[in-house]
$ cat data-v9.pdb   # PDB, C-alpha atoms
MODEL        1
ATOM      1  CA  MET V   1       9.011 -15.869 -47.530
ATOM      2  CA  ARG V   2       6.249 -13.967 -45.810
ATOM      3  CA  LYS V   3       6.959 -10.724 -44.103
ATOM      4  CA  TYR V   4       5.338 -11.596 -40.744
ATOM      5  CA  SER V   5       5.543 -15.379 -40.690
ATOM      6  CA  HIS V   6       7.217 -15.397 -37.276
ATOM      7  CA  LEU V   7       4.187 -13.672 -35.694
ATOM      8  CA  ARG V   8       1.903 -16.487 -36.713
ATOM      9  CA  ALA V   9       3.372 -18.752 -34.058
ATOM     10  CA  LEU V  10       2.498 -16.296 -31.294
ATOM     11  CA  LYS V  11      -0.789 -17.147 -29.693
ATOM     12  CA  ILE V  12      -2.617 -14.836 -27.330
ATOM     13  CA  ILE V  13      -3.511 -16.793 -24.209
ATOM     14  CA  ARG V  14      -6.078 -15.307 -21.852
ATOM     15  CA  PRO V  15      -5.323 -16.471 -18.312
ATOM     16  CA  LYS V  16      -8.011 -18.175 -16.236
ATOM     17  CA  PHE V  17      -8.345 -17.157 -12.611
ATOM     18  CA  HIS V  18      -9.974 -18.758  -9.572
ATOM     19  CA  VAL V  19     -12.087 -15.617  -8.985
ATOM     20  CA  LYS V  20     -14.541 -13.886 -11.304
ATOM     21  CA  LYS V  21     -16.580 -10.692 -11.277
ATOM     22  CA  ASN V  22     -19.229 -10.566  -8.486
ATOM     23  CA  ASP V  23     -17.520 -13.323  -6.425
ATOM     24  CA  LEU V  24     -17.319 -12.930  -2.666
ATOM     25  CA  ILE V  25     -13.648 -13.047  -1.639
ATOM     26  CA  GLU V  26     -11.419 -12.625   1.395
ATOM     27  CA  VAL V  27      -7.961 -11.041   1.426
ATOM     28  CA  ILE V  28      -5.228 -13.430   2.628
ATOM     29  CA  THR V  29      -2.262 -11.063   3.064
ATOM     30  CA  GLY V  30      -1.406  -7.389   3.325
ATOM     31  CA  GLU V  31      -3.004  -4.442   5.102
ATOM     32  CA  GLU V  32      -6.529  -5.612   4.280
ATOM     33  CA  LYS V  33      -5.958  -9.172   5.599
ATOM     34  CA  GLY V  34      -9.157 -10.867   6.775
ATOM     35  CA  ARG V  35     -11.557  -8.398   5.138
ATOM     36  CA  ARG V  36     -14.228  -9.533   2.686
ATOM     37  CA  GLY V  37     -15.757  -7.913  -0.369
ATOM     38  CA  ARG V  38     -17.205  -8.408  -3.858
ATOM     39  CA  VAL V  39     -15.040  -8.362  -6.980
ATOM     40  CA  LEU V  40     -15.933  -5.356  -9.159
ATOM     41  CA  GLU V  41     -13.518  -5.951 -12.024
ATOM     42  CA  ILE V  42     -10.697  -8.297 -13.086
ATOM     43  CA  ILE V  43      -7.621  -6.733 -14.721
ATOM     44  CA  SER V  44      -6.183  -9.781 -16.504
ATOM     45  CA  GLU V  45      -3.146  -7.969 -17.999
ATOM     46  CA  LYS V  46      -1.780  -7.275 -14.495
ATOM     47  CA  ASN V  47      -3.315 -10.287 -12.659
ATOM     48  CA  GLN V  48      -5.186  -7.912 -10.359
ATOM     49  CA  ALA V  49      -8.756  -7.377  -9.174
ATOM     50  CA  LEU V  50     -10.765  -4.391  -7.946
ATOM     51  CA  VAL V  51     -12.658  -5.271  -4.776
ATOM     52  CA  GLU V  52     -15.587  -3.242  -3.455
ATOM     53  CA  GLY V  53     -14.677  -1.318  -0.294
ATOM     54  CA  LEU V  54     -11.126  -2.706   0.011
ATOM     55  CA  ASN V  55      -7.728  -1.115  -0.628
ATOM     56  CA  MET V  56      -9.253   2.370  -0.921
ATOM     57  CA  MET V  57      -7.066   5.281  -1.972
ATOM     58  CA  LYS V  58      -7.641   9.019  -2.272
ATOM     59  CA  LYS V  59      -7.636  10.597  -5.717
ATOM     60  CA  HIS V  60      -7.631  14.289  -6.594
ATOM     61  CA  GLN V  61     -10.245  14.809  -9.277
ATOM     62  CA  ARG V  62     -10.614  17.766 -11.593
ATOM     63  CA  ALA V  63     -14.026  19.284 -12.256
ATOM     64  CA  ARG V  64     -15.613  17.741 -15.364
ATOM     65  CA  SER V  65     -18.881  19.686 -15.368
ATOM     66  CA  GLN V  66     -21.246  21.564 -13.048
ATOM     67  CA  ARG V  67     -22.658  18.264 -11.774
ATOM     68  CA  GLN V  68     -19.248  16.746 -11.067
ATOM     69  CA  PRO V  69     -17.240  19.278  -9.016
ATOM     70  CA  ALA V  70     -13.537  19.088  -8.216
ATOM     71  CA  GLY V  71     -12.426  17.417  -4.995
ATOM     72  CA  ILE V  72     -10.804  14.459  -3.337
ATOM     73  CA  VAL V  73     -12.601  11.162  -3.916
ATOM     74  CA  THR V  74     -11.866   7.659  -2.592
ATOM     75  CA  VAL V  75     -11.643   4.878  -5.166
ATOM     76  CA  PRO V  76     -10.702   1.192  -4.822
ATOM     77  CA  SER V  77      -7.179   0.287  -5.878
ATOM     78  CA  PRO V  78      -6.360  -3.118  -7.443
ATOM     79  CA  ILE V  79      -5.201  -6.107  -5.363
ATOM     80  CA  HIS V  80      -3.142  -8.966  -6.802
ATOM     81  CA  ILE V  81      -5.243 -12.079  -7.427
ATOM     82  CA  SER V  82      -2.826 -14.327  -5.518
ATOM     83  CA  ASN V  83      -3.745 -12.419  -2.334
ATOM     84  CA  LEU V  84      -7.448 -13.328  -2.653
ATOM     85  CA  ILE V  85      -9.331 -16.495  -1.712
ATOM     86  CA  LEU V  86     -12.854 -17.388  -2.766
ATOM     87  CA  ILE V  87     -15.724 -17.659  -0.270
ATOM     88  CA  CYS V  88     -18.279 -20.332  -1.218
ATOM     89  CA  SER V  89     -21.804 -18.933  -1.466
ATOM     90  CA  LYS V  90     -23.360 -22.235  -0.296
ATOM     91  CA  CYS V  91     -21.245 -23.194   2.742
ATOM     92  CA  GLY V  92     -19.720 -19.767   3.522
ATOM     93  CA  LYS V  93     -16.190 -21.142   3.973
ATOM     94  CA  LYS V  94     -12.900 -20.138   2.379
ATOM     95  CA  THR V  95     -12.298 -22.564  -0.449
ATOM     96  CA  THR V  96     -10.163 -23.399  -3.433
ATOM     97  CA  VAL V  97     -11.709 -24.049  -6.822
ATOM     98  CA  ILE V  98     -11.855 -27.394  -8.596
ATOM     99  CA  TRP V  99     -12.609 -27.268 -12.317
ATOM    100  CA  GLN V 100     -14.921 -30.156 -13.293
ATOM    101  CA  LYS V 101     -16.471 -31.068 -16.604
ATOM    102  CA  ILE V 102     -20.266 -31.132 -16.255
ATOM    103  CA  GLU V 103     -22.377 -31.707 -19.385
ATOM    104  CA  LYS V 104     -19.495 -30.823 -21.756
ATOM    105  CA  LYS V 105     -18.828 -27.526 -19.942
ATOM    106  CA  ARG V 106     -16.180 -26.609 -17.391
ATOM    107  CA  ALA V 107     -17.634 -25.556 -14.062
ATOM    108  CA  ARG V 108     -16.062 -24.244 -10.863
ATOM    109  CA  THR V 109     -16.891 -26.362  -7.847
ATOM    110  CA  CYS V 110     -16.222 -25.808  -4.153
ATOM    111  CA  LYS V 111     -13.586 -28.131  -2.711
ATOM    112  CA  GLU V 112     -15.263 -28.063   0.720
ATOM    113  CA  CYS V 113     -18.916 -28.873  -0.097
ATOM    114  CA  GLY V 114     -18.738 -29.936  -3.769
ATOM    115  CA  GLU V 115     -21.404 -27.443  -4.939
ATOM    116  CA  ILE V 116     -21.125 -25.624  -8.279
ATOM    117  CA  ILE V 117     -20.042 -21.993  -7.880
ATOM    118  CA  GLU V 118     -21.856 -19.614 -10.226
TER     119      GLU V 118
ENDMDL
END
$ encode --input "data-v9.pdb" --output "structure tokens"
Amino acid sequence: MRKYSHLRALKIIRPKFHVKKNDLIEVITGEEKGRRGRVLEIISEKNQALVEGLNMMKKHQRARSQRQPAGIVTVPSPIHISNLILICSKCGKKTTVIWQKIEKKRARTCKECGEIIE
């Protein structure tokens, strides 16, 4: 019997989200409801996203060098992905994503206008 045979059955599954980096999104719920911004980063372990200019919080930062002095800086805080909706770049409307197979590849398409979302 192998020592770690039970670990072989575990498979690491990376979740797929309806938003990606550099997508234009709108916040559905919470304090920032109705505001739009670009996705800076996706944190897949926590199902959260950093959005440019939204959910800003103050952070006390220590001096790192002469160029980077100490002080209070504002940085974006993560928002849960379920609170975000995608804005189609073609039609400009809030939309859900449909995954379609186009030329043996999966592509995100807009449910409103049917265009491929890059």
$ atom_distance --input "data-v9.pdb" --atom1 "CA of Glu45 in chain V" --atom2 "CA of Ile72 in chain V"
27.9 Å
$ residues_around --input "data-v9.pdb" --residues "range 93-97 of chain V" --least-positions-apart "3" --cutoff "6 Å" --atoms "all atoms listed in the file" --output "JSON, numbers by chain"
{"V": [86, 87, 88, 108, 109, 110, 111]}
$ atom_distance --input "data-v9.pdb" --atom1 "CA of Val39 in chain V" --atom2 "CA of Leu24 in chain V"
6.7 Å
$ atom_distance --input "data-v9.pdb" --atom1 "CA of Glu52 in chain V" --atom2 "CA of Pro15 in chain V"
22.4 Å
$ resolve_selection --input "data-v9.pdb" --expression "the PyMOL selection byres ((chain V and resi 46) around 10)" --output "short mmCIF file (atom, residue, chain, number, x, y, z; two decimals) with C-alpha atoms, in the coordinates of the input"
data_model
loop_
_atom_site.label_atom_id
_atom_site.label_comp_id
_atom_site.auth_asym_id
_atom_site.auth_seq_id
_atom_site.Cartn_x
_atom_site.Cartn_y
_atom_site.Cartn_z
CA ILE V 42 -10.70 -8.30 -13.09
CA ILE V 43 -7.62 -6.73 -14.72
CA SER V 44 -6.18 -9.78 -16.50
CA GLU V 45 -3.15 -7.97 -18.00
CA ASN V 47 -3.32 -10.29 -12.66
CA GLN V 48 -5.19 -7.91 -10.36
CA ALA V 49 -8.76 -7.38 -9.17
CA PRO V 78 -6.36 -3.12 -7.44
CA ILE V 79 -5.20 -6.11 -5.36
CA HIS V 80 -3.14 -8.97 -6.80
CA ILE V 81 -5.24 -12.08 -7.43
#
$ resolve_selection --input "data-v9.pdb" --expression "the PyMOL selection byres ((chain V and resi 34) around 12)" --output "ChimeraX atom specification"
/V:25-33,35-37,54,83-85,87,94
$ closest_residue --input "data-v9.pdb" --among "V:Val75, V:Ala70, V:Val19, V:Met56" --to "Glu118 in chain V" --atoms "only C-alpha atoms"
V:Val19
$ closest_residue --input "data-v9.pdb" --among "V:Gln100, V:Gly92, V:Arg38, V:Pro76" --to "Asn55 in chain V" --atoms "only C-alpha atoms"
V:Pro76
$ closest_residue --input "data-v9.pdb" --among "V:Arg106, V:Lys59, V:Lys101, V:Lys16" --to "Ser77 in chain V" --atoms "only C-alpha atoms"
V:Lys59
$ residues_around --input "data-v9.pdb" --residues "Lys21 in chain V" --least-positions-apart "2" --cutoff "6 Å" --atoms "only C-alpha atoms" --output "PyMOL selection string"
chain V and resi 23+39-41
$ closest_residue --input "data-v9.pdb" --among "V:Val73, V:Ile13, V:Ala107, V:Ile116" --to "Cys91 in chain V" --atoms "all atoms listed in the file"
V:Ile116
$ closest_residue --input "data-v9.pdb" --among "V:Val51, V:Arg62, V:Glu112, V:Arg67" --to "Lys20 in chain V" --atoms "all atoms listed in the file"
V:Val51
$ decode --input "data-v9.pdb" --residues "range 71-114 of chain V" --atoms "C-alpha atoms" --output "PDB file, in the first residue's frame"
ATOM      1  CA  GLY V  71       2.009  57.800   5.643  1.00  0.00           C
ATOM      2  CA  ILE V  72      -1.601  56.892   5.115  1.00  0.00           C
ATOM      3  CA  VAL V  73      -2.396  55.602   1.631  1.00  0.00           C
ATOM      4  CA  THR V  74      -5.712  54.554   0.059  1.00  0.00           C
ATOM      5  CA  VAL V  75      -5.807  51.141  -1.599  1.00  0.00           C
ATOM      6  CA  PRO V  76      -8.686  49.176  -3.161  1.00  0.00           C
ATOM      7  CA  SER V  77     -10.144  46.412  -1.020  1.00  0.00           C
ATOM      8  CA  PRO V  78     -11.548  43.196  -2.568  1.00  0.00           C
ATOM      9  CA  ILE V  79     -15.241  42.791  -3.461  1.00  0.00           C
ATOM     10  CA  HIS V  80     -16.963  39.404  -3.697  1.00  0.00           C
ATOM     11  CA  ILE V  81     -17.477  38.302  -7.304  1.00  0.00           C
ATOM     12  CA  SER V  82     -21.184  37.591  -6.760  1.00  0.00           C
ATOM     13  CA  ASN V  83     -21.698  41.333  -6.168  1.00  0.00           C
ATOM     14  CA  LEU V  84     -20.353  42.240  -9.634  1.00  0.00           C
ATOM     15  CA  ILE V  85     -22.024  42.198 -13.050  1.00  0.00           C
ATOM     16  CA  LEU V  86     -20.271  42.481 -16.391  1.00  0.00           C
ATOM     17  CA  ILE V  87     -20.763  45.469 -18.708  1.00  0.00           C
ATOM     18  CA  CYS V  88     -20.594  44.534 -22.405  1.00  0.00           C
ATOM     19  CA  SER V  89     -17.983  46.559 -24.285  1.00  0.00           C
ATOM     20  CA  LYS V  90     -20.035  46.482 -27.522  1.00  0.00           C
ATOM     21  CA  CYS V  91     -23.565  47.391 -26.366  1.00  0.00           C
ATOM     22  CA  GLY V  92     -22.700  49.014 -23.005  1.00  0.00           C
ATOM     23  CA  LYS V  93     -25.431  47.154 -21.099  1.00  0.00           C
ATOM     24  CA  LYS V  94     -25.279  45.028 -17.964  1.00  0.00           C
ATOM     25  CA  THR V  95     -25.165  41.435 -19.114  1.00  0.00           C
ATOM     26  CA  THR V  96     -24.688  37.849 -18.080  1.00  0.00           C
ATOM     27  CA  VAL V  97     -22.159  35.635 -19.812  1.00  0.00           C
ATOM     28  CA  ILE V  98     -22.951  32.707 -22.082  1.00  0.00           C
ATOM     29  CA  TRP V  99     -20.096  30.284 -22.723  1.00  0.00           C
ATOM     30  CA  GLN V 100     -20.148  29.118 -26.367  1.00  0.00           C
ATOM     31  CA  LYS V 101     -17.827  26.835 -28.263  1.00  0.00           C
ATOM     32  CA  ILE V 102     -16.368  28.703 -31.248  1.00  0.00           C
ATOM     33  CA  GLU V 103     -13.706  26.966 -33.365  1.00  0.00           C
ATOM     34  CA  LYS V 104     -12.931  24.369 -30.650  1.00  0.00           C
ATOM     35  CA  LYS V 105     -12.431  27.079 -28.002  1.00  0.00           C
ATOM     36  CA  ARG V 106     -14.752  28.318 -25.274  1.00  0.00           C
ATOM     37  CA  ALA V 107     -15.634  31.978 -25.630  1.00  0.00           C
ATOM     38  CA  ARG V 108     -17.651  34.364 -23.470  1.00  0.00           C
ATOM     39  CA  THR V 109     -20.527  35.953 -25.334  1.00  0.00           C
ATOM     40  CA  CYS V 110     -22.915  38.728 -24.334  1.00  0.00           C
ATOM     41  CA  LYS V 111     -26.460  37.533 -23.682  1.00  0.00           C
ATOM     42  CA  GLU V 112     -27.902  40.880 -24.824  1.00  0.00           C
ATOM     43  CA  CYS V 113     -26.194  41.439 -28.206  1.00  0.00           C
ATOM     44  CA  GLY V 114     -24.513  38.064 -28.864  1.00  0.00           C
TER      45      GLY V 114
END
